[in-house]
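Engineer: This is model-v9.cif (mmCIF, C-alpha atoms).
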data_final
loop_
_atom_site.group_PDB
_atom_site.id
_atom_site.type_symbol
_atom_site.label_atom_id
_atom_site.label_comp_id
_atom_site.auth_asym_id
_atom_site.auth_seq_id
_atom_site.Cartn_x
_atom_site.Cartn_y
_atom_site.Cartn_z
ATOM 1 C CA MET A 252 139.080 97.068 184.974
ATOM 2 C CA GLY A 253 135.885 98.041 183.166
ATOM 3 C CA ASN A 254 136.703 99.806 179.930
ATOM 4 C CA THR A 255 140.397 98.998 180.172
ATOM 5 C CA THR A 256 142.353 96.370 178.302
ATOM 6 C CA ILE A 257 146.043 95.611 178.245
ATOM 7 C CA THR A 258 146.159 96.874 174.658
ATOM 8 C CA ARG A 259 144.564 100.191 175.641
ATOM 9 C CA ILE A 260 146.973 100.634 178.548
ATOM 10 C CA ALA A 261 149.935 99.897 176.252
ATOM 11 C CA GLU A 262 148.691 102.443 173.680
ATOM 12 C CA HIS A 263 148.373 105.099 176.373
ATOM 13 C CA LEU A 264 151.776 104.348 177.898
ATOM 14 C CA TRP A 265 153.386 104.508 174.448
ATOM 15 C CA THR A 266 151.618 107.652 173.188
ATOM 16 C CA GLY A 267 153.218 110.910 174.258
ATOM 17 C CA GLU A 268 153.445 114.577 173.427
ATOM 18 C CA MET A 269 155.747 113.804 170.492
ATOM 19 C CA HIS A 270 152.743 112.125 168.848
ATOM 20 C CA VAL A 271 150.797 115.377 169.201
ATOM 21 C CA ARG A 272 153.675 117.302 167.606
ATOM 22 C CA PHE A 273 153.756 114.785 164.751
ATOM 23 C CA ALA A 274 149.986 114.838 164.152
ATOM 24 C CA LEU A 275 149.529 118.549 164.845
ATOM 25 C CA PRO A 276 152.849 120.417 164.540
ATOM 26 C CA PRO A 277 153.112 123.982 165.907
ATOM 27 C CA GLU A 278 152.220 125.590 162.575
ATOM 28 C CA VAL A 279 149.031 123.502 162.419
ATOM 29 C CA MET A 280 148.151 124.461 165.991
ATOM 30 C CA LEU A 281 148.486 128.123 164.952
ATOM 31 C CA LYS A 282 146.208 127.470 161.987
ATOM 32 C CA ILE A 283 143.648 125.783 164.268
ATOM 33 C CA GLU A 284 143.688 128.852 166.515
ATOM 34 C CA ALA A 285 143.157 131.115 163.485
ATOM 35 C CA VAL A 286 140.296 128.962 162.163
ATOM 36 C CA ILE A 287 138.556 129.043 165.546
ATOM 37 C CA GLY A 288 138.934 132.838 165.665
ATOM 38 C CA GLU A 289 137.652 133.202 162.109
ATOM 39 C CA CYS A 290 134.690 130.881 162.690
ATOM 40 C CA GLU A 291 133.694 132.601 165.904
ATOM 41 C CA THR A 292 133.035 135.807 163.953
ATOM 42 C CA THR A 293 130.002 134.082 162.395
ATOM 43 C CA HIS A 294 128.176 133.219 165.631
ATOM 44 C CA ASP A 295 127.829 134.031 169.326
ATOM 45 C CA GLY A 296 129.117 130.633 170.503
ATOM 46 C CA GLU A 297 132.527 129.515 171.716
ATOM 47 C CA ILE A 298 134.671 126.688 170.329
ATOM 48 C CA CYS A 299 137.574 125.106 172.177
ATOM 49 C CA PHE A 300 139.912 122.417 170.889
ATOM 50 C CA ALA A 301 141.903 120.180 173.214
ATOM 51 C CA VAL A 302 144.165 117.273 172.381
ATOM 52 C CA GLU A 303 145.438 114.796 174.920
ATOM 53 C CA PRO A 304 148.127 112.336 173.889
ATOM 54 C CA ALA A 305 147.055 109.752 176.474
ATOM 55 C CA MET A 306 145.391 109.417 179.854
ATOM 56 C CA ASP A 307 147.423 108.618 182.917
ATOM 57 C CA LEU A 308 147.435 105.112 184.349
ATOM 58 C CA GLY A 309 145.111 105.999 187.232
ATOM 59 C CA LEU A 310 142.334 107.078 184.864
ATOM 60 C CA LEU A 311 142.881 104.021 182.688
ATOM 61 C CA LEU A 312 142.646 101.638 185.640
ATOM 62 C CA LYS A 313 139.354 103.276 186.596
ATOM 63 C CA GLY A 314 138.132 102.447 183.088
ATOM 64 C CA ILE A 315 137.499 106.075 182.146
ATOM 65 C CA SER A 316 136.276 106.319 178.562
ATOM 66 C CA ALA A 317 137.291 109.031 176.109
ATOM 67 C CA ARG A 318 133.775 110.467 176.494
ATOM 68 C CA GLU A 319 134.060 110.611 180.281
ATOM 69 C CA ARG A 320 137.475 112.232 179.992
ATOM 70 C CA ALA A 321 136.134 114.780 177.489
ATOM 71 C CA ILE A 322 133.417 115.740 179.964
ATOM 72 C CA GLN A 323 136.083 116.241 182.652
ATOM 73 C CA VAL A 324 138.126 118.435 180.296
ATOM 74 C CA PHE A 325 134.967 120.380 179.325
ATOM 75 C CA SER A 326 134.476 121.145 183.009
ATOM 76 C CA ASP A 327 138.155 121.857 183.756
ATOM 77 C CA MET A 328 138.378 124.280 180.824
ATOM 78 C CA ARG A 329 135.098 125.913 181.927
ATOM 79 C CA VAL A 330 133.624 125.580 178.445
ATOM 80 C CA TRP A 331 130.221 125.461 180.139
ATOM 81 C CA ASP A 332 130.769 128.954 181.552
ATOM 82 C CA THR A 333 129.528 131.067 178.633
ATOM 83 C CA GLN A 334 126.775 133.620 178.742
ATOM 84 C CA GLY A 335 124.692 131.865 176.070
ATOM 85 C CA ASN A 336 125.358 128.311 177.324
ATOM 86 C CA ASN A 337 126.758 127.700 173.858
ATOM 87 C CA GLY A 338 130.335 126.597 174.393
ATOM 88 C CA VAL A 339 131.577 123.529 172.517
ATOM 89 C CA LEU A 340 134.671 121.439 173.210
ATOM 90 C CA ILE A 341 136.237 119.315 170.484
ATOM 91 C CA TYR A 342 138.403 116.798 172.337
ATOM 92 C CA LEU A 343 140.905 114.481 170.664
ATOM 93 C CA LEU A 344 142.373 111.571 172.637
ATOM 94 C CA LEU A 345 145.219 110.405 170.406
ATOM 95 C CA ALA A 346 145.943 107.098 172.144
ATOM 96 C CA ASP A 347 142.339 105.960 171.629
ATOM 97 C CA HIS A 348 142.062 107.547 168.157
ATOM 98 C CA ASP A 349 138.837 109.063 169.466
ATOM 99 C CA VAL A 350 137.158 112.444 169.003
ATOM 100 C CA GLU A 351 134.465 113.607 171.383
ATOM 101 C CA ILE A 352 132.388 116.750 171.173
ATOM 102 C CA VAL A 353 130.923 118.056 174.415
ATOM 103 C CA ALA A 354 128.508 120.944 174.109
ATOM 104 C CA ASP A 355 126.844 123.152 176.672
ATOM 105 C CA ARG A 356 123.103 122.733 177.105
ATOM 106 C CA GLY A 357 122.108 125.766 175.008
ATOM 107 C CA ILE A 358 123.563 124.338 171.809
ATOM 108 C CA HIS A 359 123.394 120.644 172.700
ATOM 109 C CA GLU A 360 119.599 120.695 172.927
ATOM 110 C CA LYS A 361 119.447 122.109 169.398
ATOM 111 C CA VAL A 362 121.977 119.777 167.739
ATOM 112 C CA GLY A 363 121.615 116.592 169.804
ATOM 113 C CA PRO A 364 123.972 113.657 170.233
ATOM 114 C CA GLN A 365 123.479 112.399 166.667
ATOM 115 C CA GLY A 366 124.543 115.743 165.210
ATOM 116 C CA TRP A 367 127.748 115.811 167.246
ATOM 117 C CA GLU A 368 128.475 112.144 166.528
ATOM 118 C CA SER A 369 128.168 112.794 162.792
ATOM 119 C CA ILE A 370 130.854 115.480 163.031
ATOM 120 C CA CYS A 371 133.089 113.191 165.113
ATOM 121 C CA LYS A 372 132.800 110.387 162.562
ATOM 122 C CA ARG A 373 133.854 112.679 159.704
ATOM 123 C CA MET A 374 136.836 113.888 161.722
ATOM 124 C CA GLU A 375 137.851 110.351 162.678
ATOM 125 C CA GLU A 376 137.708 109.310 159.017
ATOM 126 C CA CYS A 377 140.291 111.999 158.213
ATOM 127 C CA PHE A 378 142.429 110.907 161.170
ATOM 128 C CA ARG A 379 142.414 107.261 159.998
ATOM 129 C CA GLN A 380 143.952 108.558 156.772
ATOM 130 C CA ARG A 381 146.526 110.576 158.786
ATOM 131 C CA ARG A 382 144.940 113.850 157.613
ATOM 132 C CA PHE A 383 144.911 115.406 161.094
ATOM 133 C CA GLU A 384 144.911 119.068 160.122
ATOM 134 C CA GLU A 385 142.082 118.520 157.658
ATOM 135 C CA GLY A 386 140.070 116.571 160.222
ATOM 136 C CA VAL A 387 140.378 119.185 162.951
ATOM 137 C CA VAL A 388 139.568 122.076 160.602
ATOM 138 C CA LEU A 389 136.593 120.141 159.209
ATOM 139 C CA GLY A 390 135.325 119.589 162.762
ATOM 140 C CA ILE A 391 135.727 123.215 163.775
ATOM 141 C CA ARG A 392 133.916 124.412 160.666
ATOM 142 C CA ALA A 393 131.089 121.889 161.144
ATOM 143 C CA VAL A 394 130.618 122.901 164.798
ATOM 144 C CA SER A 395 130.704 126.532 163.711
ATOM 145 C CA GLU A 396 127.955 125.886 161.157
ATOM 146 C CA GLU A 397 125.730 124.557 163.943
ATOM 147 C CA LEU A 398 126.525 127.524 166.165
ATOM 148 C CA SER A 399 125.872 129.951 163.285
ATOM 149 C CA ARG A 400 122.530 128.308 162.599
ATOM 150 C CA HIS A 401 121.349 128.412 166.210
ATOM 151 C CA PHE A 402 123.319 131.354 167.655
ATOM 152 C CA PRO A 403 124.023 133.751 164.764
ATOM 153 C CA ASN A 404 126.361 136.674 165.316
ATOM 154 C CA THR A 405 124.477 139.500 167.032
ATOM 155 C CA GLY A 406 127.477 141.808 167.069
ATOM 156 C CA LYS A 407 127.441 141.801 170.873
ATOM 157 C CA LYS A 408 129.675 138.792 171.508
ATOM 158 C CA THR A 409 132.918 138.966 173.408
ATOM 159 C CA ASN A 410 135.476 136.196 173.165
ATOM 160 C CA GLU A 411 134.759 134.412 176.438
ATOM 161 C CA LEU A 412 137.151 131.479 175.974
ATOM 162 C CA PRO A 413 140.621 131.290 174.393
ATOM 163 C CA ASP A 414 140.855 130.249 170.750
ATOM 164 C CA LYS A 415 144.290 128.712 171.285
ATOM 165 C CA PRO A 416 144.270 124.894 171.158
ATOM 166 C CA VAL A 417 145.206 123.165 174.395
ATOM 167 C CA ILE A 418 147.506 120.186 174.770
ATOM 168 C CA ILE A 419 146.642 118.369 177.970
#
What does this structure look like when you write it as structure tokens?
Structural biologist:
Amino acid sequence: MGNTTITRIAEHLWTGEMHVRFALPPEVMLKIEAVIGECETTHDGEICFAVEPAMDLGLLLKGISARERAIQVFSDMRVWDTQGNNGVLIYLLLADHDVEIVADRGIHEKVGPQGWESICKRMEECFRQRRFEEGVVLGIRAVSEELSRHFPNTGKKTNELPDKPVII
């Protein structure tokens, strides 16, 4: 079963969309959308936020990690399909209490895995303290700082990807 334990399966079976609504109620999701929109005015990159309560049993039995799932979601949401190769997905898997950042090659080569992991760790620290809104906003702003540094606003950007958070 690879990455899978009975405890992990139980967490995923128990965690549902109600947990998303508790951690990130509708008014917080609206705020996240507004923060993404605001941040994207400072750079030519794209930021997407997706939260998944839990993976289905088939993925768990295959031993899919949160990172592997985030890469699948990055592809499914077409975050890689931006003109500047500078799309970034912030992915939260609630059942695993895990945040993953997947970035397209244009920005990833400038920030590197350690830069993204640093942002994830700060977000996860907020989540451990049940400060979900603060953690997500912190993450969006930190990703935006990297995008602003490496892809500053040229005034020519169009919004290529939706700002609205996605619940998977």
Engineer: Per residue of region 289-400 of chain A within 12 Å of region 406-418 of chain A, what are the shortest atom pair and its distance in Å to one decimal, counting all atoms listed in the file, with rows by chain and residue number, as a Markdown table?
Structural biologist:
| residue | atom | partner | partner_atom | distance |
| --- | --- | --- | --- | --- |
| A:Glu289 | CA | A:Asp414 | CA | 9.7 |
| A:Cys290 | CA | A:Asp414 | CA | 10.2 |
| A:Glu291 | CA | A:Asn410 | CA | 8.3 |
| A:Thr292 | CA | A:Gly406 | CA | 8.8 |
| A:Thr293 | CA | A:Gly406 | CA | 9.4 |
| A:His294 | CA | A:Lys408 | CA | 8.2 |
| A:Asp295 | CA | A:Lys408 | CA | 5.6 |
| A:Gly296 | CA | A:Lys408 | CA | 8.2 |
| A:Glu297 | CA | A:Leu412 | CA | 6.6 |
| A:Ile298 | CA | A:Asp414 | CA | 7.1 |
| A:Cys299 | CA | A:Asp414 | CA | 6.3 |
| A:Phe300 | CA | A:Pro416 | CA | 5.0 |
| A:Ala301 | CA | A:Val417 | CA | 4.6 |
| A:Val302 | CA | A:Ile418 | CA | 5.0 |
| A:Glu303 | CA | A:Ile418 | CA | 5.8 |
| A:Pro304 | CA | A:Ile418 | CA | 7.9 |
| A:Ala305 | CA | A:Ile418 | CA | 10.6 |
| A:Val324 | CA | A:Val417 | CA | 10.4 |
| A:Phe325 | CA | A:Val417 | CA | 11.7 |
| A:Asp327 | CA | A:Val417 | CA | 11.8 |
| A:Met328 | CA | A:Leu412 | CA | 8.8 |
| A:Arg329 | CA | A:Leu412 | CA | 8.4 |
| A:Val330 | CA | A:Leu412 | CA | 7.3 |
| A:Trp331 | CA | A:Leu412 | CA | 10.1 |
| A:Asp332 | CA | A:Glu411 | CA | 8.5 |
| A:Thr333 | CA | A:Glu411 | CA | 6.6 |
| A:Gln334 | CA | A:Glu411 | CA | 8.3 |
| A:Gly335 | CA | A:Lys408 | CA | 9.7 |
| A:Asn336 | CA | A:Glu411 | CA | 11.2 |
| A:Asn337 | CA | A:Glu411 | CA | 10.8 |
| A:Gly338 | CA | A:Leu412 | CA | 8.5 |
| A:Val339 | CA | A:Leu412 | CA | 10.3 |
| A:Leu340 | CA | A:Pro416 | CA | 10.4 |
| A:Ile341 | CA | A:Pro416 | CA | 9.8 |
| A:Tyr342 | CA | A:Val417 | CA | 9.5 |
| A:Leu343 | CA | A:Ile418 | CA | 9.6 |
| A:Leu344 | CA | A:Ile418 | CA | 10.3 |
| A:Leu345 | CA | A:Ile418 | CA | 11.0 |
| A:Val387 | CA | A:Pro416 | CA | 10.7 |
| A:Val388 | CA | A:Pro416 | CA | 11.9 |
| A:Ile391 | CA | A:Asp414 | CA | 11.2 |
Engineer: Return as an NGL selection string the set of residues that the PyMOL selection byres ((chain A and resi 256-269) around 10) yields on the displayed structure.
Structural biologist: :A and (252-255 or 270-276 or 302-308 or 311-312 or 314 or 344-347 or 418-419)
Engineer: Which centre and which edge lengths, in Å to one decimal, describe the axis-aligned box that holds all listed atoms of region 373-376 of chain A after 6 Å is added on each side, as AutoDock Vina command-line options?
Structural biologist:
--center_x 135.9 --center_y 111.6 --center_z 160.8 --size_x 16.0 --size_y 16.6 --size_z 15.7
Engineer: Please identify every residue of region 323-365 of chain A that has at least one atom no farther than 9 Å from an atom of region 372-381 of chain A, counting all atoms listed in the file, and for each give the shortest atom pair and the distance in Å to one decimal, arranged by chain then increasing number, as a Markdown table.
Structural biologist:
| residue | atom | partner | partner_atom | distance |
| --- | --- | --- | --- | --- |
| A:His348 | CA | A:Glu375 | CA | 7.5 |
| A:Asp349 | CA | A:Glu375 | CA | 7.0 |
| A:Val350 | CA | A:Glu375 | CA | 6.7 |
Engineer: Could the residues in this selection be written to a file with C-alpha atoms, as a PDB file, in the frame of the given file?
Structural biologist:
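Full text of again03.pdb as output:
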ATOM      1  CA  HIS A 348     142.062 107.547 168.157  1.00  0.00           C
ATOM      2  CA  ASP A 349     138.837 109.063 169.466  1.00  0.00           C
ATOM      3  CA  VAL A 350     137.158 112.444 169.003  1.00  0.00           C
TER       4      VAL A 350
END
Engineer: To one decimal place, how far is CA of Ile287 (chain A) from CA of Ala354 (chain A) in Å?
Structural biologist: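 Rounded to one decimal, the two atoms are 15.5 Å apart.
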Engineer: One number please: CA of Ile358 (chain A) to CA of Cys371 (chain A), in Å, one decimal.
Structural biologist: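 Those two atoms sit 16.1 Å apart.
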Engineer: Just checking: using all atoms listed in the file, which residue out of A:Leu389, A:Glu384, A:Lys313, A:Ser326 ends up closest to Glu278 (chain A)?
Structural biologist: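 Closest to Glu278 (chain A) of all the choices is A:Glu384.
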